[in-house]
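Taking it in order: structure first as structure tokens, then the write-up.
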Amino acid sequence: KSRMEIKPGDLVIPRYSALPFYKEQENDINYIGAKMINSYQQHLYVADMKNWVEDLKDITPQTWYNVSDIPDDGPFVLKGETNSKKHYWKELMFAPNKTKAIEIYSKLHKDSMLQYQEIYVRKYIPLKTYMVGLQDLPITKEFRFFFYKDKLLSSGYYWSSHTEELKDIGVVPNVGDVPISFLSKIATKVKDNINFWVVDVAETNEGEWIVIELNDGTCSGLSDNDPEILYKNLKLALNE
């Protein structure tokens, strides 16, 4: 209930309380003689896309770190190093060409959430889409997986806010469609860089699986992951 109750030797899992003062929190916890499940350095690995894209470049969309470097033809998606404005898909994320990408790039630099983040441009890869939401946001075949190192803890459909709508049109996304071999390939590349982490993967229109995002397990929403399964398996993994 309070950080003041942390004792030497404790392992701290700061779900939803790590930000915005991750480094300061780690310093305080280390001072007590306890430690966080992810160090600040590990957090940085997933907090800035630039740190992990190269490790997964064969299974994630091509990424440019400067809008001037992108080709003239698109389409593209733009996002901050950590956050995106996906719910403003038409206005602040999807760009059919370089001209539109430059326009969105300028807008994102003025956005209160992203103005202090680097803005990156990614190649837009059409994903298997179940329905289209507000702002033409594609609600896709995408899943979220929680890991501890290379151990899979739980899984669930990414677009949890649309689960009921999909049921109404007869769609029940099956997380079992994601090949275990694909997840293992990701885990092999990520496990040494961060302990508790999340990966979002999606199926393309061509039937291939790609990595959409990596995130810190302490800061990521559940999507449709069952918290009973997640925390039970996390406890087991920590006790191994």
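Chain lettering (A, B, ...) mirrors the order of the structure tokens, residue numbering begins at 1 for each chain separately, and ligand numbering begins at 1 in order of display.
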Per residue of region 83-141 of chain A within 9 Å of region 31-50 of chain A, record the nearest atom pair and its distance in Å to one decimal, counting only C-alpha atoms, with rows in chain order and ascending residue number, as CSV.
residue,atom,partner,partner_atom,distance
A:Asn83,CA,A:Ala47,CA,8.9
A:Gln117,CA,A:Asp48,CA,8.8
A:Glu118,CA,A:Asp48,CA,8.5
A:Tyr120,CA,A:Met49,CA,8.4
Worksheet item: Any idea what's packed within 8 Å of region 122-127 of chain A, counting only C-alpha atoms, ignoring anything in its chain fewer than 2 positions away? Could you give it as a PyMOL selection string?
Response: chain A and resi 61-64+74-78+120+129+140-141+202-205
Write out the residues from the selection above, keeping C-alpha atoms, as a PDB file, in the first residue's frame.
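Resulting contents of result-v4.pdb:
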ATOM      1  CA  PRO A  61       8.167  -3.150 -40.129  1.00  0.00           C
ATOM      2  CA  GLN A  62      11.002  -1.075 -41.573  1.00  0.00           C
ATOM      3  CA  THR A  63      11.566   2.035 -39.456  1.00  0.00           C
ATOM      4  CA  TRP A  64      13.062   5.445 -40.232  1.00  0.00           C
ATOM      5  CA  GLY A  74       4.036   5.267 -48.777  1.00  0.00           C
ATOM      6  CA  PRO A  75       2.043   4.392 -46.932  1.00  0.00           C
ATOM      7  CA  PHE A  76       3.541   4.961 -43.480  1.00  0.00           C
ATOM      8  CA  VAL A  77       2.572   5.152 -39.831  1.00  0.00           C
ATOM      9  CA  LEU A  78       4.113   7.658 -37.431  1.00  0.00           C
ATOM     10  CA  TYR A 120       9.649   7.679 -35.917  1.00  0.00           C
ATOM     11  CA  THR A 129      -8.602  -6.476 -40.300  1.00  0.00           C
ATOM     12  CA  THR A 140      -6.836  -6.060 -36.569  1.00  0.00           C
ATOM     13  CA  LYS A 141      -5.828  -9.613 -35.790  1.00  0.00           C
ATOM     14  CA  ALA A 202      -0.230  -9.249 -35.666  1.00  0.00           C
ATOM     15  CA  GLU A 203      -1.000 -11.215 -38.805  1.00  0.00           C
ATOM     16  CA  THR A 204      -0.506  -9.471 -42.145  1.00  0.00           C
ATOM     17  CA  ASN A 205      -2.850  -9.779 -45.101  1.00  0.00           C
TER      18      ASN A 205
END
Please provide as a PDB file with all heavy atoms, in the first residue's frame all residues within 10 Å of Leu183 (chain A), with the sequence filter that same-chain residues fewer than 2 positions apart are discarded (counting only C-alpha atoms).
ATOM      1  N   PHE A 145       1.197 -10.440 -25.598  1.00  0.00           N
ATOM      2  CA  PHE A 145       1.788 -11.515 -24.812  1.00  0.00           C
ATOM      3  C   PHE A 145       2.687 -10.931 -23.728  1.00  0.00           C
ATOM      4  O   PHE A 145       3.529 -10.074 -24.012  1.00  0.00           O
ATOM      5  CB  PHE A 145       2.627 -12.436 -25.705  1.00  0.00           C
ATOM      6  CG  PHE A 145       1.839 -13.131 -26.779  1.00  0.00           C
ATOM      7  CD1 PHE A 145       1.616 -12.514 -28.007  1.00  0.00           C
ATOM      8  CD2 PHE A 145       1.314 -14.395 -26.567  1.00  0.00           C
ATOM      9  CE1 PHE A 145       0.887 -13.148 -29.004  1.00  0.00           C
ATOM     10  CE2 PHE A 145       0.583 -15.037 -27.559  1.00  0.00           C
ATOM     11  CZ  PHE A 145       0.364 -14.411 -28.779  1.00  0.00           C
ATOM     12  N   PHE A 147       5.698 -11.718 -21.007  1.00  0.00           N
ATOM     13  CA  PHE A 147       6.803 -12.653 -20.793  1.00  0.00           C
ATOM     14  C   PHE A 147       7.577 -12.275 -19.537  1.00  0.00           C
ATOM     15  O   PHE A 147       7.675 -11.094 -19.176  1.00  0.00           O
ATOM     16  CB  PHE A 147       7.796 -12.597 -21.965  1.00  0.00           C
ATOM     17  CG  PHE A 147       7.424 -13.412 -23.156  1.00  0.00           C
ATOM     18  CD1 PHE A 147       6.546 -12.911 -24.116  1.00  0.00           C
ATOM     19  CD2 PHE A 147       7.967 -14.678 -23.348  1.00  0.00           C
ATOM     20  CE1 PHE A 147       6.211 -13.666 -25.235  1.00  0.00           C
ATOM     21  CE2 PHE A 147       7.642 -15.434 -24.468  1.00  0.00           C
ATOM     22  CZ  PHE A 147       6.763 -14.931 -25.414  1.00  0.00           C
ATOM     23  N   ASP A 150      12.342 -15.482 -21.009  1.00  0.00           N
ATOM     24  CA  ASP A 150      11.862 -16.204 -22.190  1.00  0.00           C
ATOM     25  C   ASP A 150      10.647 -17.084 -21.881  1.00  0.00           C
ATOM     26  O   ASP A 150      10.255 -17.912 -22.698  1.00  0.00           O
ATOM     27  CB  ASP A 150      12.980 -17.042 -22.802  1.00  0.00           C
ATOM     28  CG  ASP A 150      13.526 -18.096 -21.853  1.00  0.00           C
ATOM     29  OD1 ASP A 150      13.172 -18.073 -20.658  1.00  0.00           O
ATOM     30  OD2 ASP A 150      14.321 -18.946 -22.305  1.00  0.00           O
ATOM     31  N   LEU A 152       6.732 -17.512 -21.423  1.00  0.00           N
ATOM     32  CA  LEU A 152       5.431 -16.921 -21.728  1.00  0.00           C
ATOM     33  C   LEU A 152       4.518 -17.042 -20.514  1.00  0.00           C
ATOM     34  O   LEU A 152       4.314 -18.133 -19.981  1.00  0.00           O
ATOM     35  CB  LEU A 152       4.803 -17.634 -22.929  1.00  0.00           C
ATOM     36  CG  LEU A 152       3.409 -17.177 -23.346  1.00  0.00           C
ATOM     37  CD1 LEU A 152       3.408 -15.703 -23.728  1.00  0.00           C
ATOM     38  CD2 LEU A 152       2.897 -18.034 -24.499  1.00  0.00           C
ATOM     39  N   VAL A 178      -1.296 -17.820 -33.254  1.00  0.00           N
ATOM     40  CA  VAL A 178       0.079 -17.309 -33.287  1.00  0.00           C
ATOM     41  C   VAL A 178       1.042 -18.473 -33.065  1.00  0.00           C
ATOM     42  O   VAL A 178       0.967 -19.161 -32.034  1.00  0.00           O
ATOM     43  CB  VAL A 178       0.307 -16.240 -32.205  1.00  0.00           C
ATOM     44  CG1 VAL A 178       1.722 -15.666 -32.323  1.00  0.00           C
ATOM     45  CG2 VAL A 178      -0.730 -15.126 -32.325  1.00  0.00           C
ATOM     46  N   PRO A 179       1.950 -18.722 -33.991  1.00  0.00           N
ATOM     47  CA  PRO A 179       2.872 -19.858 -33.842  1.00  0.00           C
ATOM     48  C   PRO A 179       3.782 -19.700 -32.630  1.00  0.00           C
ATOM     49  O   PRO A 179       4.382 -18.639 -32.424  1.00  0.00           O
ATOM     50  CB  PRO A 179       3.686 -19.822 -35.146  1.00  0.00           C
ATOM     51  CG  PRO A 179       2.864 -19.017 -36.106  1.00  0.00           C
ATOM     52  CD  PRO A 179       2.133 -18.010 -35.278  1.00  0.00           C
ATOM     53  N   ILE A 180       3.881 -20.749 -31.837  1.00  0.00           N
ATOM     54  CA  ILE A 180       4.777 -20.738 -30.681  1.00  0.00           C
ATOM     55  C   ILE A 180       6.224 -20.520 -31.130  1.00  0.00           C
ATOM     56  O   ILE A 180       7.006 -19.855 -30.446  1.00  0.00           O
ATOM     57  CB  ILE A 180       4.657 -22.058 -29.892  1.00  0.00           C
ATOM     58  CG1 ILE A 180       3.265 -22.160 -29.248  1.00  0.00           C
ATOM     59  CG2 ILE A 180       5.738 -22.148 -28.819  1.00  0.00           C
ATOM     60  CD1 ILE A 180       2.968 -21.076 -28.229  1.00  0.00           C
ATOM     61  N   SER A 181       6.572 -21.055 -32.286  1.00  0.00           N
ATOM     62  CA  SER A 181       7.935 -20.892 -32.796  1.00  0.00           C
ATOM     63  C   SER A 181       8.256 -19.428 -33.056  1.00  0.00           C
ATOM     64  O   SER A 181       9.402 -18.986 -32.868  1.00  0.00           O
ATOM     65  CB  SER A 181       8.126 -21.710 -34.072  1.00  0.00           C
ATOM     66  OG  SER A 181       7.194 -21.309 -35.079  1.00  0.00           O
ATOM     67  N   LYS A 185      11.128 -17.213 -31.107  1.00  0.00           N
ATOM     68  CA  LYS A 185      12.146 -16.452 -31.834  1.00  0.00           C
ATOM     69  C   LYS A 185      12.282 -15.047 -31.260  1.00  0.00           C
ATOM     70  O   LYS A 185      13.395 -14.542 -31.073  1.00  0.00           O
ATOM     71  CB  LYS A 185      11.764 -16.375 -33.318  1.00  0.00           C
ATOM     72  CG  LYS A 185      12.761 -15.623 -34.184  1.00  0.00           C
ATOM     73  CD  LYS A 185      12.339 -15.643 -35.646  1.00  0.00           C
ATOM     74  CE  LYS A 185      13.357 -14.923 -36.519  1.00  0.00           C
ATOM     75  NZ  LYS A 185      12.975 -14.944 -37.960  1.00  0.00           N
ATOM     76  N   ILE A 186      11.148 -14.423 -30.943  1.00  0.00           N
ATOM     77  CA  ILE A 186      11.169 -13.086 -30.340  1.00  0.00           C
ATOM     78  C   ILE A 186      11.837 -13.139 -28.966  1.00  0.00           C
ATOM     79  O   ILE A 186      12.720 -12.332 -28.650  1.00  0.00           O
ATOM     80  CB  ILE A 186       9.740 -12.532 -30.208  1.00  0.00           C
ATOM     81  CG1 ILE A 186       9.065 -12.429 -31.570  1.00  0.00           C
ATOM     82  CG2 ILE A 186       9.758 -11.162 -29.518  1.00  0.00           C
ATOM     83  CD1 ILE A 186       7.560 -12.211 -31.498  1.00  0.00           C
ATOM     84  N   ALA A 187      11.405 -14.097 -28.154  1.00  0.00           N
ATOM     85  CA  ALA A 187      11.909 -14.198 -26.785  1.00  0.00           C
ATOM     86  C   ALA A 187      13.418 -14.414 -26.756  1.00  0.00           C
ATOM     87  O   ALA A 187      14.120 -13.856 -25.900  1.00  0.00           O
ATOM     88  CB  ALA A 187      11.200 -15.334 -26.049  1.00  0.00           C
ATOM     89  N   THR A 188      13.929 -15.189 -27.684  1.00  0.00           N
ATOM     90  CA  THR A 188      15.366 -15.441 -27.748  1.00  0.00           C
ATOM     91  C   THR A 188      16.149 -14.153 -27.940  1.00  0.00           C
ATOM     92  O   THR A 188      17.227 -13.965 -27.376  1.00  0.00           O
ATOM     93  CB  THR A 188      15.682 -16.426 -28.895  1.00  0.00           C
ATOM     94  OG1 THR A 188      15.035 -17.676 -28.620  1.00  0.00           O
ATOM     95  CG2 THR A 188      17.174 -16.641 -29.042  1.00  0.00           C
ATOM     96  N   VAL A 199       5.011  -8.159 -25.734  1.00  0.00           N
ATOM     97  CA  VAL A 199       5.122  -8.012 -27.188  1.00  0.00           C
ATOM     98  C   VAL A 199       3.730  -8.083 -27.801  1.00  0.00           C
ATOM     99  O   VAL A 199       2.891  -8.886 -27.394  1.00  0.00           O
ATOM    100  CB  VAL A 199       6.045  -9.093 -27.803  1.00  0.00           C
ATOM    101  CG1 VAL A 199       5.513 -10.508 -27.555  1.00  0.00           C
ATOM    102  CG2 VAL A 199       6.244  -8.842 -29.301  1.00  0.00           C
ATOM    103  N   VAL A 201       1.891  -8.755 -31.375  1.00  0.00           N
ATOM    104  CA  VAL A 201       2.140  -9.321 -32.702  1.00  0.00           C
ATOM    105  C   VAL A 201       0.838  -9.354 -33.489  1.00  0.00           C
ATOM    106  O   VAL A 201      -0.255  -9.443 -32.915  1.00  0.00           O
ATOM    107  CB  VAL A 201       2.753 -10.737 -32.621  1.00  0.00           C
ATOM    108  CG1 VAL A 201       4.032 -10.720 -31.782  1.00  0.00           C
ATOM    109  CG2 VAL A 201       1.771 -11.743 -32.054  1.00  0.00           C
ATOM    110  N   TRP A 209       3.326 -13.331 -39.674  1.00  0.00           N
ATOM    111  CA  TRP A 209       3.245 -12.711 -38.358  1.00  0.00           C
ATOM    112  C   TRP A 209       4.387 -11.726 -38.183  1.00  0.00           C
ATOM    113  O   TRP A 209       5.525 -12.010 -38.560  1.00  0.00           O
ATOM    114  CB  TRP A 209       3.286 -13.776 -37.259  1.00  0.00           C
ATOM    115  CG  TRP A 209       2.029 -14.587 -37.244  1.00  0.00           C
ATOM    116  CD1 TRP A 209       1.819 -15.780 -37.878  1.00  0.00           C
ATOM    117  CD2 TRP A 209       0.803 -14.246 -36.600  1.00  0.00           C
ATOM    118  NE1 TRP A 209       0.531 -16.210 -37.660  1.00  0.00           N
ATOM    119  CE2 TRP A 209      -0.114 -15.289 -36.885  1.00  0.00           C
ATOM    120  CE3 TRP A 209       0.385 -13.178 -35.814  1.00  0.00           C
ATOM    121  CZ2 TRP A 209      -1.413 -15.289 -36.406  1.00  0.00           C
ATOM    122  CZ3 TRP A 209      -0.915 -13.170 -35.326  1.00  0.00           C
ATOM    123  CH2 TRP A 209      -1.807 -14.217 -35.626  1.00  0.00           C
ATOM    124  N   VAL A 211       6.058  -8.353 -35.548  1.00  0.00           N
ATOM    125  CA  VAL A 211       6.059  -7.664 -34.254  1.00  0.00           C
ATOM    126  C   VAL A 211       5.628  -6.221 -34.471  1.00  0.00           C
ATOM    127  O   VAL A 211       6.212  -5.499 -35.289  1.00  0.00           O
ATOM    128  CB  VAL A 211       7.468  -7.700 -33.622  1.00  0.00           C
ATOM    129  CG1 VAL A 211       7.508  -6.823 -32.365  1.00  0.00           C
ATOM    130  CG2 VAL A 211       7.856  -9.130 -33.285  1.00  0.00           C
TER     131      VAL A 211
END
Item to complete: Enumerate as a list in words all residues of region 79-138 of chain A assigned to alpha helix (DSSP H) by DSSP on the backbone, naming them with the chain letters and numbers the document uses.
Response: Trp89, Lys90, Glu91, Leu92, Lys98, Thr99, Lys100, Ala101, Ile102, Glu103, Ile104, Tyr105, Ser106, Lys107 and Leu108 of chain A
Worksheet item: Any idea what the distance is between CA of Lys86 (chain A) and CA of Asp136 (chain A)?
Response: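 One can read the CA of Lys86 (chain A) to CA of Asp136 (chain A) distance as 10.1 Å.
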Item to complete: Using only C-alpha atoms, find the one residue out of A:Tyr88, A:Glu24, A:Asn30, A:Pro227 that sits nearest to Leu11 (chain A).
Response: A:Asn30
Worksheet item: Which parts of region 67-177 of chain A does DSSP call strand (DSSP E or B) when run on the backbone here, written out as an MDAnalysis selection string?
Response: chainID A and resid 73:80 94:97 119:123 127 129:132 138:140 142:148 151:157
Item to complete: For CA of Glu213 (chain A) and CA of Asp200 (chain A), determine how far apart the two atoms are, in Å to one decimal place.
Response: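 Computing it gives 5.2 Å between the two atoms.
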Fill in: Nearest residue to Ile102 (chain A) from the set A:Pro71, A:Phe196, A:Val175, A:Asn225 (distances using only C-alpha atoms)
A:Pro71
Practice prompt. Excluding Ser223 (chain A) and any residue of its chain fewer than 4 positions from it, enumerate the residues within 10 Å of it, using only C-alpha atoms, and give them as a PyMOL selection string.
Written response: chain A and resi 143-145+155-161+163
Write a file of the selected residues as a PDB file, in the first residue's frame, keeping N, CA and C atoms.
ATOM      1  N   PHE A 143      -2.426  -9.560 -31.109  1.00  0.00           N
ATOM      2  CA  PHE A 143      -2.465 -10.159 -29.773  1.00  0.00           C
ATOM      3  C   PHE A 143      -1.332  -9.620 -28.904  1.00  0.00           C
ATOM      4  N   ARG A 144      -1.575  -9.599 -27.591  1.00  0.00           N
ATOM      5  CA  ARG A 144      -0.572  -9.132 -26.621  1.00  0.00           C
ATOM      6  C   ARG A 144      -0.128 -10.313 -25.752  1.00  0.00           C
ATOM      7  N   PHE A 145       1.197 -10.440 -25.598  1.00  0.00           N
ATOM      8  CA  PHE A 145       1.788 -11.515 -24.812  1.00  0.00           C
ATOM      9  C   PHE A 145       2.687 -10.931 -23.728  1.00  0.00           C
ATOM     10  N   SER A 155      -1.541 -14.471 -22.439  1.00  0.00           N
ATOM     11  CA  SER A 155      -1.800 -13.939 -23.777  1.00  0.00           C
ATOM     12  C   SER A 155      -3.250 -13.495 -23.879  1.00  0.00           C
ATOM     13  N   GLY A 156      -3.523 -12.595 -24.826  1.00  0.00           N
ATOM     14  CA  GLY A 156      -4.884 -12.124 -25.025  1.00  0.00           C
ATOM     15  C   GLY A 156      -4.999 -11.261 -26.262  1.00  0.00           C
ATOM     16  N   TYR A 157      -6.224 -11.086 -26.716  1.00  0.00           N
ATOM     17  CA  TYR A 157      -6.466 -10.235 -27.881  1.00  0.00           C
ATOM     18  C   TYR A 157      -6.121  -8.789 -27.533  1.00  0.00           C
ATOM     19  N   TYR A 158      -5.462  -8.111 -28.464  1.00  0.00           N
ATOM     20  CA  TYR A 158      -4.969  -6.760 -28.183  1.00  0.00           C
ATOM     21  C   TYR A 158      -6.103  -5.744 -28.048  1.00  0.00           C
ATOM     22  N   TRP A 159      -7.053  -5.746 -28.989  1.00  0.00           N
ATOM     23  CA  TRP A 159      -8.086  -4.702 -29.039  1.00  0.00           C
ATOM     24  C   TRP A 159      -9.233  -5.064 -28.088  1.00  0.00           C
ATOM     25  N   SER A 160      -8.965  -5.068 -26.805  1.00  0.00           N
ATOM     26  CA  SER A 160      -9.947  -5.520 -25.813  1.00  0.00           C
ATOM     27  C   SER A 160     -11.214  -4.666 -25.793  1.00  0.00           C
ATOM     28  N   SER A 161     -11.095  -3.391 -26.148  1.00  0.00           N
ATOM     29  CA  SER A 161     -12.272  -2.514 -26.137  1.00  0.00           C
ATOM     30  C   SER A 161     -13.239  -2.827 -27.270  1.00  0.00           C
ATOM     31  N   THR A 163     -13.818  -6.215 -28.236  1.00  0.00           N
ATOM     32  CA  THR A 163     -14.125  -7.643 -28.182  1.00  0.00           C
ATOM     33  C   THR A 163     -15.614  -7.921 -28.361  1.00  0.00           C
TER      34      THR A 163
END
Practice prompt. Please provide as a list in words all residues within 12 Å of Ser106 (chain A), with the sequence filter that same-chain residues fewer than 2 positions apart are discarded (counting only C-alpha atoms).
Written response: Val67, Leu78, Lys79, Glu91, Leu92, Met93, Thr99, Lys100, Ala101, Ile102, Glu103, Ile104, Leu108, His109, Lys110, Asp111, Leu114, Gln115, Glu118, Ile119 and Tyr120 of chain A
Writer output for current selection, N, CA and C atoms, as a PDB file, in the first residue's frame:
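Result file follows (again-v9.pdb):
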ATOM      1  N   VAL A  67      12.172  11.829 -40.693  1.00  0.00           N
ATOM      2  CA  VAL A  67      11.156  11.868 -41.738  1.00  0.00           C
ATOM      3  C   VAL A  67      11.751  12.229 -43.101  1.00  0.00           C
ATOM      4  N   LEU A  78       3.191   6.877 -38.245  1.00  0.00           N
ATOM      5  CA  LEU A  78       4.113   7.658 -37.431  1.00  0.00           C
ATOM      6  C   LEU A  78       3.747   7.499 -35.962  1.00  0.00           C
ATOM      7  N   LYS A  79       4.755   7.436 -35.104  1.00  0.00           N
ATOM      8  CA  LYS A  79       4.526   7.309 -33.668  1.00  0.00           C
ATOM      9  C   LYS A  79       5.716   7.866 -32.916  1.00  0.00           C
ATOM     10  N   GLU A  91      -5.736  11.359 -38.652  1.00  0.00           N
ATOM     11  CA  GLU A  91      -5.147  12.681 -38.488  1.00  0.00           C
ATOM     12  C   GLU A  91      -3.699  12.652 -38.019  1.00  0.00           C
ATOM     13  N   LEU A  92      -3.379  11.689 -37.144  1.00  0.00           N
ATOM     14  CA  LEU A  92      -2.093  11.770 -36.449  1.00  0.00           C
ATOM     15  C   LEU A  92      -1.271  10.481 -36.480  1.00  0.00           C
ATOM     16  N   MET A  93      -1.623   9.534 -37.362  1.00  0.00           N
ATOM     17  CA  MET A  93      -0.813   8.316 -37.405  1.00  0.00           C
ATOM     18  C   MET A  93      -0.588   7.784 -38.814  1.00  0.00           C
ATOM     19  N   THR A  99       4.455  13.455 -48.210  1.00  0.00           N
ATOM     20  CA  THR A  99       3.912  14.788 -47.928  1.00  0.00           C
ATOM     21  C   THR A  99       3.038  14.769 -46.687  1.00  0.00           C
ATOM     22  N   LYS A 100       2.143  13.778 -46.620  1.00  0.00           N
ATOM     23  CA  LYS A 100       1.270  13.649 -45.451  1.00  0.00           C
ATOM     24  C   LYS A 100       2.075  13.274 -44.210  1.00  0.00           C
ATOM     25  N   ALA A 101       3.107  12.467 -44.381  1.00  0.00           N
ATOM     26  CA  ALA A 101       3.941  12.073 -43.244  1.00  0.00           C
ATOM     27  C   ALA A 101       4.620  13.291 -42.621  1.00  0.00           C
ATOM     28  N   ILE A 102       5.107  14.198 -43.447  1.00  0.00           N
ATOM     29  CA  ILE A 102       5.751  15.417 -42.945  1.00  0.00           C
ATOM     30  C   ILE A 102       4.741  16.276 -42.191  1.00  0.00           C
ATOM     31  N   GLU A 103       3.512  16.337 -42.701  1.00  0.00           N
ATOM     32  CA  GLU A 103       2.449  17.105 -42.032  1.00  0.00           C
ATOM     33  C   GLU A 103       2.143  16.517 -40.653  1.00  0.00           C
ATOM     34  N   ILE A 104       2.004  15.189 -40.578  1.00  0.00           N
ATOM     35  CA  ILE A 104       1.716  14.532 -39.300  1.00  0.00           C
ATOM     36  C   ILE A 104       2.907  14.671 -38.351  1.00  0.00           C
ATOM     37  N   LEU A 108       2.657  16.022 -34.543  1.00  0.00           N
ATOM     38  CA  LEU A 108       3.019  15.217 -33.386  1.00  0.00           C
ATOM     39  C   LEU A 108       4.030  15.926 -32.490  1.00  0.00           C
ATOM     40  N   HIS A 109       4.887  16.720 -33.100  1.00  0.00           N
ATOM     41  CA  HIS A 109       5.869  17.466 -32.309  1.00  0.00           C
ATOM     42  C   HIS A 109       5.208  18.549 -31.457  1.00  0.00           C
ATOM     43  N   LYS A 110       3.968  18.886 -31.774  1.00  0.00           N
ATOM     44  CA  LYS A 110       3.234  19.888 -30.997  1.00  0.00           C
ATOM     45  C   LYS A 110       2.285  19.239 -29.991  1.00  0.00           C
ATOM     46  N   ASP A 111       2.168  17.912 -30.050  1.00  0.00           N
ATOM     47  CA  ASP A 111       1.257  17.199 -29.171  1.00  0.00           C
ATOM     48  C   ASP A 111       1.836  17.125 -27.768  1.00  0.00           C
ATOM     49  N   LEU A 114       3.589  13.773 -26.952  1.00  0.00           N
ATOM     50  CA  LEU A 114       4.723  13.332 -27.763  1.00  0.00           C
ATOM     51  C   LEU A 114       5.791  14.388 -28.010  1.00  0.00           C
ATOM     52  N   GLN A 115       5.559  15.622 -27.571  1.00  0.00           N
ATOM     53  CA  GLN A 115       6.471  16.695 -27.961  1.00  0.00           C
ATOM     54  C   GLN A 115       7.900  16.502 -27.452  1.00  0.00           C
ATOM     55  N   GLU A 118      11.120  11.410 -29.539  1.00  0.00           N
ATOM     56  CA  GLU A 118      11.485  11.336 -30.945  1.00  0.00           C
ATOM     57  C   GLU A 118      10.295  10.766 -31.720  1.00  0.00           C
ATOM     58  N   ILE A 119      10.085  11.258 -32.927  1.00  0.00           N
ATOM     59  CA  ILE A 119       9.008  10.756 -33.776  1.00  0.00           C
ATOM     60  C   ILE A 119       9.615   9.867 -34.854  1.00  0.00           C
ATOM     61  N   TYR A 120       9.125   8.630 -34.952  1.00  0.00           N
ATOM     62  CA  TYR A 120       9.649   7.679 -35.917  1.00  0.00           C
ATOM     63  C   TYR A 120       8.595   7.368 -36.972  1.00  0.00           C
TER      64      TYR A 120
END
Worksheet item: For Asp55 (chain A), which residue among A:Lys232, A:Lys128, A:His87, A:Lys189 is the nearest when counting only C-alpha atoms?
Response: A:Lys189
For Phe146 (chain A), work out the shell of residues within 6 Å, counting only C-alpha atoms and skipping chain neighbours fewer than 4 positions away, then give it as a compact mmCIF listing (two decimals) with all heavy atoms, in the first residue's frame.
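Writing done, so here's result_37.txt:
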# COMPACT_ATOMS: atom_id res chain seq x y z
N LEU A 153 3.97 -15.90 -20.08
CA LEU A 153 3.12 -15.86 -18.89
C LEU A 153 1.64 -15.87 -19.22
O LEU A 153 0.85 -16.56 -18.57
CB LEU A 153 3.44 -14.61 -18.07
CG LEU A 153 4.89 -14.43 -17.63
CD1 LEU A 153 5.06 -13.10 -16.91
CD2 LEU A 153 5.33 -15.58 -16.73
N SER A 154 1.23 -15.08 -20.19
CA SER A 154 -0.19 -15.00 -20.53
C SER A 154 -0.34 -14.36 -21.91
O SER A 154 0.61 -13.78 -22.45
CB SER A 154 -0.97 -14.19 -19.49
OG SER A 154 -0.61 -12.83 -19.54
N TRP A 197 8.37 -8.24 -19.77
CA TRP A 197 8.12 -7.48 -20.98
C TRP A 197 6.88 -7.97 -21.72
O TRP A 197 6.34 -9.02 -21.41
CB TRP A 197 9.34 -7.51 -21.89
CG TRP A 197 9.83 -8.89 -22.26
CD1 TRP A 197 10.59 -9.73 -21.47
CD2 TRP A 197 9.62 -9.61 -23.48
NE1 TRP A 197 10.85 -10.91 -22.13
CE2 TRP A 197 10.28 -10.87 -23.36
CE3 TRP A 197 8.95 -9.30 -24.67
CZ2 TRP A 197 10.27 -11.81 -24.39
CZ3 TRP A 197 8.94 -10.25 -25.70
CH2 TRP A 197 9.60 -11.48 -25.55
N VAL A 198 6.48 -7.17 -22.67
CA VAL A 198 5.27 -7.43 -23.46
C VAL A 198 5.60 -7.29 -24.94
O VAL A 198 6.37 -6.41 -25.33
CB VAL A 198 4.17 -6.41 -23.07
CG1 VAL A 198 3.05 -6.39 -24.10
CG2 VAL A 198 3.60 -6.74 -21.70
Item to complete: Please measure the separation of CA of Asn66 (chain A) and CA of Val121 (chain A), giving the value in Å to one decimal.
Response: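 Distance between the two atoms: 7.3 Å.
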